[in-house]
$ cat data08.csv   # CSV, C-alpha atoms
chain,number,residue,atom,x,y,z
A,990,MET,CA,27.2,-9.2,-3.2
A,991,GLY,CA,26.0,-6.4,-5.6
A,992,GLN,CA,24.7,-3.1,-4.4
A,993,SER,CA,21.0,-4.0,-5.3
A,994,SER,CA,21.3,-7.2,-3.2
A,995,LYS,CA,22.6,-5.2,-0.3
A,996,VAL,CA,19.6,-2.8,-0.6
A,997,PHE,CA,17.3,-5.8,-0.8
A,998,ILE,CA,18.6,-7.4,2.4
A,999,ARG,CA,18.7,-4.1,4.2
A,1000,ILE,CA,15.0,-3.5,3.6
A,1001,PHE,CA,14.2,-7.1,4.5
A,1002,ARG,CA,15.7,-6.3,7.9
A,1003,SER,CA,13.8,-3.0,8.0
A,1004,ILE,CA,10.5,-4.9,8.3
A,1005,GLY,CA,11.9,-6.6,11.4
A,1006,ILE,CA,13.1,-3.3,12.8
A,1007,LEU,CA,9.6,-1.9,12.4
A,1008,LEU,CA,8.1,-4.9,14.2
A,1009,SER,CA,10.6,-4.6,17.0
A,1010,PHE,CA,9.7,-0.9,17.5
A,1011,LEU,CA,6.1,-2.1,17.7
A,1012,ILE,CA,6.9,-4.5,20.5
A,1013,VAL,CA,8.9,-1.9,22.4
A,1014,SER,CA,6.0,0.5,22.1
A,1015,VAL,CA,3.6,-2.2,23.4
A,1016,ASN,CA,5.9,-2.8,26.4
A,1017,ILE,CA,6.1,0.9,27.2
A,1018,VAL,CA,2.4,1.7,26.8
A,1019,GLY,CA,1.1,-1.6,28.3
A,1020,CYS,CA,-0.6,0.3,31.1
A,1021,SER,CA,-1.7,3.2,28.9
A,1022,SER,CA,-5.4,3.9,28.1
A,1023,SER,CA,-4.7,4.0,24.4
A,1024,PRO,CA,-2.0,1.5,23.5
A,1025,LYS,CA,-3.2,1.0,20.0
A,1026,GLN,CA,-3.0,4.7,19.2
A,1027,LYS,CA,0.6,4.7,20.5
A,1028,ILE,CA,1.5,1.7,18.3
A,1029,GLU,CA,0.0,3.5,15.3
A,1030,ALA,CA,1.8,6.7,16.0
A,1031,THR,CA,5.1,4.8,16.5
A,1032,VAL,CA,4.7,2.9,13.2
A,1033,VAL,CA,3.8,6.0,11.2
A,1034,GLU,CA,6.8,7.8,12.8
A,1035,LYS,CA,9.3,5.1,11.7
A,1036,LEU,CA,8.0,4.3,8.3
A,1037,PRO,CA,9.7,7.1,6.4
A,1038,THR,CA,13.1,6.0,7.7
A,1039,ILE,CA,12.4,2.3,7.2
A,1040,LEU,CA,10.6,2.2,3.8
A,1041,GLY,CA,11.3,5.6,2.5
A,1042,PRO,CA,9.6,9.1,2.3
A,1043,ALA,CA,6.0,9.3,1.2
A,1044,ASP,CA,3.3,11.9,0.8
A,1045,SER,CA,1.5,10.3,3.8
A,1046,TYR,CA,1.5,7.1,5.9
A,1047,LYS,CA,-1.3,5.7,8.0
A,1048,ALA,CA,-1.3,2.8,10.4
A,1049,LYS,CA,-4.2,1.0,12.1
A,1050,ALA,CA,-3.7,-1.5,15.0
A,1051,TYR,CA,-6.4,-4.0,16.0
A,1052,GLY,CA,-6.7,-5.9,19.3
A,1053,THR,CA,-7.9,-5.4,22.9
A,1054,SER,CA,-5.7,-4.2,25.7
A,1055,ILE,CA,-6.0,-7.6,27.3
A,1056,LYS,CA,-4.6,-9.3,24.2
A,1057,LEU,CA,-1.8,-6.8,24.0
A,1058,ALA,CA,-0.9,-7.6,27.6
A,1059,LYS,CA,-0.7,-11.3,26.6
A,1060,GLY,CA,1.5,-10.6,23.6
A,1061,LYS,CA,-1.1,-10.7,20.9
A,1062,LEU,CA,-2.1,-8.2,18.3
A,1063,SER,CA,-5.1,-9.0,16.1
A,1064,GLY,CA,-3.9,-7.0,13.2
A,1065,LEU,CA,-1.8,-4.2,11.9
A,1066,GLU,CA,-2.6,-2.3,8.7
A,1067,ILE,CA,-0.1,0.1,7.0
A,1068,SER,CA,-0.8,2.3,4.0
A,1069,GLY,CA,1.3,4.8,2.2
A,1070,ILE,CA,0.7,7.3,-0.7
A,1071,ASN,CA,3.5,8.0,-3.2
A,1072,VAL,CA,6.0,5.9,-1.3
A,1073,LYS,CA,9.5,6.4,-2.5
A,1074,LEU,CA,11.2,3.1,-1.7
A,1075,LYS,CA,14.9,2.8,-1.0
A,1076,THR,CA,15.3,0.8,-4.2
A,1077,GLY,CA,14.4,3.9,-6.2
A,1078,VAL,CA,10.9,2.7,-7.1
A,1079,THR,CA,7.9,4.9,-6.3
A,1080,LEU,CA,4.6,3.3,-5.4
A,1081,ALA,CA,1.5,5.4,-6.0
A,1082,ARG,CA,0.0,3.4,-3.1
A,1083,LEU,CA,1.2,0.6,-0.8
A,1084,ASP,CA,-1.0,-1.3,1.6
A,1085,VAL,CA,0.3,-4.0,4.0
A,1086,CYS,CA,-2.0,-6.0,6.3
A,1087,MET,CA,-0.6,-8.3,9.0
A,1088,LYS,CA,-2.9,-10.5,11.1
A,1089,ASP,CA,-2.6,-12.5,14.3
A,1090,ILE,CA,0.8,-11.3,15.5
A,1091,LEU,CA,2.1,-13.1,18.5
A,1092,PHE,CA,5.2,-11.7,20.3
A,1093,ASP,CA,7.3,-12.3,23.4
A,1094,ARG,CA,7.2,-9.1,25.3
A,1095,ASN,CA,10.2,-10.1,27.5
A,1096,LYS,CA,12.5,-11.2,24.6
A,1097,GLN,CA,11.0,-8.6,22.3
A,1098,THR,CA,10.7,-11.1,19.4
A,1099,ILE,CA,8.0,-12.1,17.0
A,1100,LYS,CA,6.7,-15.6,17.7
A,1101,SER,CA,4.4,-15.9,14.7
A,1102,ILE,CA,2.3,-14.0,12.2
A,1103,GLY,CA,-0.8,-15.5,10.9
A,1104,SER,CA,-0.7,-13.8,7.5
A,1105,ALA,CA,0.9,-10.7,5.8
A,1106,GLU,CA,-0.7,-9.5,2.6
A,1107,PHE,CA,0.1,-6.5,0.4
A,1108,SER,CA,-1.2,-4.5,-2.5
A,1109,ALA,CA,0.9,-2.1,-4.5
A,1110,VAL,CA,0.0,0.3,-7.2
A,1111,ILE,CA,2.6,1.2,-9.8
A,1112,SER,CA,1.6,4.3,-11.8
A,1113,GLU,CA,1.7,4.3,-15.6
A,1114,THR,CA,4.5,6.9,-15.4
A,1115,GLU,CA,6.6,4.9,-13.0
A,1116,LEU,CA,6.0,1.7,-14.9
A,1117,ASN,CA,7.3,3.4,-18.1
A,1118,ARG,CA,10.3,4.8,-16.2
A,1119,ILE,CA,11.2,1.3,-15.0
A,1120,ALA,CA,10.7,-0.3,-18.5
A,1121,ARG,CA,12.7,2.4,-20.3
A,1122,ALA,CA,15.6,2.0,-17.8
A,1123,ARG,CA,15.5,-1.8,-18.2
A,1124,TYR,CA,15.2,-1.7,-22.0
A,1125,ALA,CA,17.1,1.5,-23.0
A,1126,ILE,CA,17.9,0.0,-26.4
A,1127,ILE,CA,14.3,0.0,-27.5
A,1128,PRO,CA,13.5,3.3,-29.2
A,1129,ASP,CA,10.3,5.2,-28.2
A,1130,LEU,CA,9.2,2.5,-25.8
A,1131,LEU,CA,5.8,3.3,-24.2
A,1132,LEU,CA,3.4,1.3,-22.1
A,1133,ASP,CA,-0.1,2.6,-22.3
A,1134,LEU,CA,-2.5,1.3,-19.6
A,1135,GLU,CA,-6.2,1.1,-20.0
A,1136,PRO,CA,-8.7,-0.8,-17.8
A,1137,LYS,CA,-7.8,-4.5,-18.2
A,1138,SER,CA,-5.5,-3.9,-21.2
A,1139,LEU,CA,-1.9,-2.9,-21.9
A,1140,THR,CA,-0.7,-1.4,-25.2
A,1141,ILE,CA,3.0,-1.4,-26.0
A,1142,CYS,CA,4.4,1.1,-28.4
A,1143,ALA,CA,8.0,1.1,-29.9
A,1144,ARG,CA,9.8,2.0,-33.0
A,1145,PRO,CA,12.6,-0.6,-33.4
A,1146,GLU,CA,14.8,-0.9,-36.4
A,1147,ILE,CA,14.2,-4.2,-38.1
A,1148,TYR,CA,16.3,-5.0,-41.2
A,1149,ASN,CA,17.6,-1.4,-40.9
A,1150,VAL,CA,14.2,0.0,-41.3
A,1151,GLY,CA,12.4,1.9,-38.4
A,1152,ILE,CA,9.0,0.2,-37.9
A,1153,GLY,CA,6.4,1.6,-35.6
A,1154,ILE,CA,4.7,-1.1,-33.4
A,1155,ARG,CA,1.6,-0.4,-31.4
A,1156,ALA,CA,0.0,-3.6,-30.1
A,1157,GLU,CA,-2.2,-4.9,-27.3
A,1158,VAL,CA,-0.5,-7.5,-25.1
A,1159,GLY,CA,-1.3,-9.5,-22.0
A,1160,LEU,CA,0.6,-9.7,-18.7
A,1161,ALA,CA,1.5,-12.9,-17.0
A,1162,ILE,CA,2.8,-13.6,-13.5
A,1163,ARG,CA,5.9,-15.8,-13.6
A,1164,ASN,CA,7.3,-17.6,-10.5
A,1165,ASN,CA,5.2,-15.4,-8.3
A,1166,SER,CA,7.8,-12.6,-8.7
A,1167,LEU,CA,8.0,-11.4,-12.2
A,1168,ILE,CA,5.4,-9.6,-14.4
A,1169,ALA,CA,6.1,-10.5,-18.0
A,1170,LEU,CA,4.6,-9.8,-21.4
A,1171,ASP,CA,2.2,-12.5,-22.7
A,1172,LEU,CA,2.9,-12.5,-26.4
A,1173,LYS,CA,0.3,-15.1,-27.0
A,1174,SER,CA,-2.3,-12.3,-27.0
A,1175,PHE,CA,-0.1,-10.0,-29.0
A,1176,LYS,CA,-2.1,-8.1,-31.7
A,1177,VAL,CA,-1.5,-5.1,-33.9
A,1178,GLY,CA,-4.9,-3.4,-34.3
A,1179,SER,CA,-7.5,-6.1,-34.7
A,1180,ILE,CA,-5.2,-8.6,-36.4
A,1181,SER,CA,-2.5,-10.9,-35.1
A,1182,ALA,CA,1.0,-9.3,-35.1
A,1183,PRO,CA,3.3,-10.3,-37.9
A,1184,HIS,CA,5.8,-12.9,-36.9
A,1185,PHE,CA,8.9,-10.7,-37.4
A,1186,ALA,CA,7.4,-8.2,-34.9
A,1187,ILE,CA,6.7,-10.9,-32.3
A,1188,ASP,CA,10.1,-12.4,-32.8
A,1189,TRP,CA,11.8,-9.1,-32.4
A,1190,LEU,CA,9.9,-8.2,-29.2
A,1191,SER,CA,10.3,-11.7,-27.7
A,1192,LYS,CA,14.1,-11.3,-28.1
A,1193,HIS,CA,14.3,-7.7,-26.7
A,1194,ILE,CA,11.6,-7.3,-24.1
A,1195,ASP,CA,10.1,-9.7,-21.6
A,1196,ILE,CA,10.0,-8.7,-18.0
A,1197,VAL,CA,7.9,-5.5,-17.2
A,1198,PHE,CA,8.4,-5.6,-13.5
A,1199,ASP,CA,10.5,-7.6,-11.0
A,1200,SER,CA,9.2,-7.9,-7.4
A,1201,ARG,CA,12.8,-7.5,-6.2
A,1202,ASP,CA,12.4,-3.8,-7.2
A,1203,LEU,CA,10.1,-3.4,-4.2
A,1204,GLY,CA,12.9,-4.3,-1.8
A,1205,PHE,CA,10.9,-6.7,0.3
A,1206,ASP,CA,10.2,-10.4,-0.2
A,1207,VAL,CA,6.8,-10.9,-1.8
A,1208,ASN,CA,4.8,-13.5,-3.6
A,1209,ILE,CA,2.6,-11.9,-6.4
A,1210,LYS,CA,-0.7,-13.8,-6.5
A,1211,SER,CA,-2.7,-11.6,-8.9
A,1212,LEU,CA,-2.7,-8.3,-10.8
A,1213,GLU,CA,-5.1,-5.8,-12.2
A,1214,ILE,CA,-4.4,-3.4,-15.1
A,1215,GLN,CA,-6.1,-0.1,-14.4
A,1216,LYS,CA,-6.2,3.1,-16.4
A,1217,ASP,CA,-3.6,4.9,-14.2
A,1218,GLY,CA,-1.5,2.0,-13.0
A,1219,LEU,CA,-0.7,-1.6,-12.4
A,1220,VAL,CA,-2.0,-3.1,-9.2
A,1221,LEU,CA,-0.2,-6.1,-7.6
A,1222,PHE,CA,-1.7,-8.3,-4.9
A,1223,GLY,CA,0.1,-11.0,-2.9
A,1224,ASP,CA,1.6,-12.0,0.4
A,1225,ILE,CA,4.8,-11.4,2.4
A,1226,ASP,CA,6.4,-14.4,4.2
A,1227,VAL,CA,7.7,-12.4,7.2
A,1228,MET,CA,8.2,-15.4,9.4
A,1229,LYS,CA,10.3,-17.1,6.7
A,1230,MET,CA,12.6,-14.0,6.7
A,1231,ILE,CA,12.8,-14.2,10.5
A,1232,ASN,CA,13.5,-17.9,10.6
A,1233,GLU,CA,16.2,-17.7,7.9
A,1234,GLY,CA,17.9,-14.9,9.7
A,1235,GLU,CA,17.2,-12.3,7.1
A,1236,ILE,CA,15.6,-10.2,9.8
A,1237,GLN,CA,17.6,-9.2,12.9
A,1238,PHE,CA,15.7,-7.5,15.7
A,1239,ASP,CA,17.1,-4.6,17.5
A,1240,ASN,CA,15.9,-5.3,21.1
A,1241,ARG,CA,17.3,-2.1,22.5
A,1242,LYS,CA,14.7,0.4,23.7
A,1243,THR,CA,15.2,3.9,22.2
A,1244,ASP,CA,14.3,7.4,23.1
A,1245,ALA,CA,12.2,7.5,19.9
A,1246,VAL,CA,9.6,5.3,21.5
A,1247,ASP,CA,8.9,7.2,24.7
A,1248,ALA,CA,5.6,6.9,26.5
A,1249,ASP,CA,5.8,10.6,27.5
A,1250,LYS,CA,5.9,11.8,23.9

$ encode --input "data08.csv" --output "structure tokens"
Amino acid sequence: MGQSSKVFIRIFRSIGILLSFLIVSVNIVGCSSSPKQKIEATVVEKLPTILGPADSYKAKAYGTSIKLAKGKLSGLEISGINVKLKTGVTLARLDVCMKDILFDRNKQTIKSIGSAEFSAVISETELNRIARARYAIIPDLLLDLEPKSLTICARPEIYNVGIGIRAEVGLAIRNNSLIALDLKSFKVGSISAPHFAIDWLSKHIDIVFDSRDLGFDVNIKSLEIQKDGLVLFGDIDVMKMINEGEIQFDNRKTDAVDADK
């Protein structure tokens, strides 16, 4: 197994570790007057270690104390600003929303999660860093984002002649996991691109972003191109990870989740 695969699986498990800390905190603060606040504080405390450092993290838990006592949490929202994931990717913003979480307080395991959705903002600077690392052979590669449009610039050598290309292209979601160039809408200025430019690009650049670079298993459902970044929307199948054994819960209580803190 390669190093990237090990990081991928490790962060899969980190989601489970986060939820296990949540369950432990619910058990400890079950009789507290503010169990949701304790859950939120616990999650925020653990996120830098689990996902990576960030400028800031926030968490919001939803549910009554009665529901918590019965092993139910209506929802948990997590948001982070400038999150530096362990894969090396930095997200300008990350939001995760899990709903209808059922757990066994005695076994400290998740029984079910109604849904888990996410949105992630990749800044133009970060998208260019990823693209240049992936396509280092393409000279002067630049992705220029504008609202609802992407312009790609490069200066490849075609027939031993450096040719500057600046063209508007589309983006397409492939297999719910890849963001690829859509060359069907490829244009140079206001006219269709010459065939040699399209042929060259199609052979040398394709994938702009791979969801595996996030480090957690997601299905990308839609995207938005904004002036300062690419926004991805989708869902996370947390229960699939749990059922397939990709998440292993740590059921041990730790000093880090202490009701007296």

$ residues_near_point --input "data08.csv" --point "(1.8, 4.6, -19.7)" --cutoff "6 Å" --atoms "only C-alpha atoms" --output "list in words"
Glu1113, Thr1114, Asn1117, Leu1132, Asp1133 and Leu1134 of chain A

$ atom_distance --input "data08.csv" --atom1 "atom CA of Ile1111 of chain A" --atom2 "atom CA of Ala1030 of chain A"
26.4 Å

$ closest_residue --input "data08.csv" --among "A:Gly1153, A:Gly1103, A:Gly1064, A:Gly1204" --to "Glu1029 of chain A" --atoms "all atoms listed in the file"
A:Gly1064

$ atom_distance --input "data08.csv" --atom1 "atom CA of Ser1138 of chain A" --atom2 "atom CA of Lys1075 of chain A"
29.5 Å

$ atom_distance --input "data08.csv" --atom1 "atom CA of Asn1208 of chain A" --atom2 "atom CA of Val1033 of chain A"
24.5 Å

$ closest_atom_pairs --input "data08.csv" --of "segment 1125-1171 of chain A" --to "segment 1194-1200 of chain A" --cutoff "8 Å" --atoms "all atoms listed in the file" --output "CSV"
residue,atom,partner,partner_atom,distance
A:Ser1166,CA,A:Ser1200,CA,5.1
A:Leu1167,CA,A:Asp1199,CA,4.7
A:Ile1168,CA,A:Phe1198,CA,5.1
A:Ala1169,CA,A:Ile1196,CA,4.3
A:Leu1170,CA,A:Asp1195,CA,5.5

$ residues_near_point --input "data08.csv" --point "(5.9, 1.0, 10.4)" --cutoff "7 Å" --atoms "only C-alpha atoms" --output "list in words"
Leu1007, Val1032, Val1033, Lys1035, Leu1036 and Ile1067 of chain A

$ closest_atom_pairs --input "data08.csv" --of "segment 1063-1104 of chain A" --to "segment 1220-1226 of chain A" --cutoff "12 Å" --atoms "all atoms listed in the file" --output "CSV"
residue,atom,partner,partner_atom,distance
A:Leu1080,CA,A:Val1220,CA,9.9
A:Ala1081,CA,A:Val1220,CA,9.7
A:Arg1082,CA,A:Val1220,CA,9.1
A:Leu1083,CA,A:Leu1221,CA,9.6
A:Asp1084,CA,A:Phe1222,CA,9.6
A:Val1085,CA,A:Ile1225,CA,8.8
A:Cys1086,CA,A:Asp1224,CA,9.2
A:Met1087,CA,A:Ile1225,CA,9.1
A:Lys1088,CA,A:Ile1225,CA,11.7
A:Ser1101,CA,A:Asp1226,CA,10.8
A:Ile1102,CA,A:Asp1226,CA,9.0
A:Gly1103,CA,A:Asp1226,CA,9.9
A:Ser1104,CA,A:Asp1224,CA,7.7

$ write_last_selection --input "data08.csv" --atoms "C-alpha atoms" --output "PDB file, in the frame of the given file"
ATOM      1  CA  LEU A1080       4.600   3.300  -5.400  1.00  0.00           C
ATOM      2  CA  ALA A1081       1.500   5.400  -6.000  1.00  0.00           C
ATOM      3  CA  ARG A1082       0.000   3.400  -3.100  1.00  0.00           C
ATOM      4  CA  LEU A1083       1.200   0.600  -0.800  1.00  0.00           C
ATOM      5  CA  ASP A1084      -1.000  -1.300   1.600  1.00  0.00           C
ATOM      6  CA  VAL A1085       0.300  -4.000   4.000  1.00  0.00           C
ATOM      7  CA  CYS A1086      -2.000  -6.000   6.300  1.00  0.00           C
ATOM      8  CA  MET A1087      -0.600  -8.300   9.000  1.00  0.00           C
ATOM      9  CA  LYS A1088      -2.900 -10.500  11.100  1.00  0.00           C
ATOM     10  CA  SER A1101       4.400 -15.900  14.700  1.00  0.00           C
ATOM     11  CA  ILE A1102       2.300 -14.000  12.200  1.00  0.00           C
ATOM     12  CA  GLY A1103      -0.800 -15.500  10.900  1.00  0.00           C
ATOM     13  CA  SER A1104      -0.700 -13.800   7.500  1.00  0.00           C
TER      14      SER A1104
END

$ closest_residue --input "data08.csv" --among "A:Ile1127, A:Leu1065, A:Ala1050, A:Leu1139" --to "Ala1105 of chain A" --atoms "all atoms listed in the file"
A:Leu1065

$ closest_residue --input "data08.csv" --among "A:Val1158, A:Ile1070, A:Val1078, A:Leu1062" --to "Ile1090 of chain A" --atoms "only C-alpha atoms"
A:Leu1062
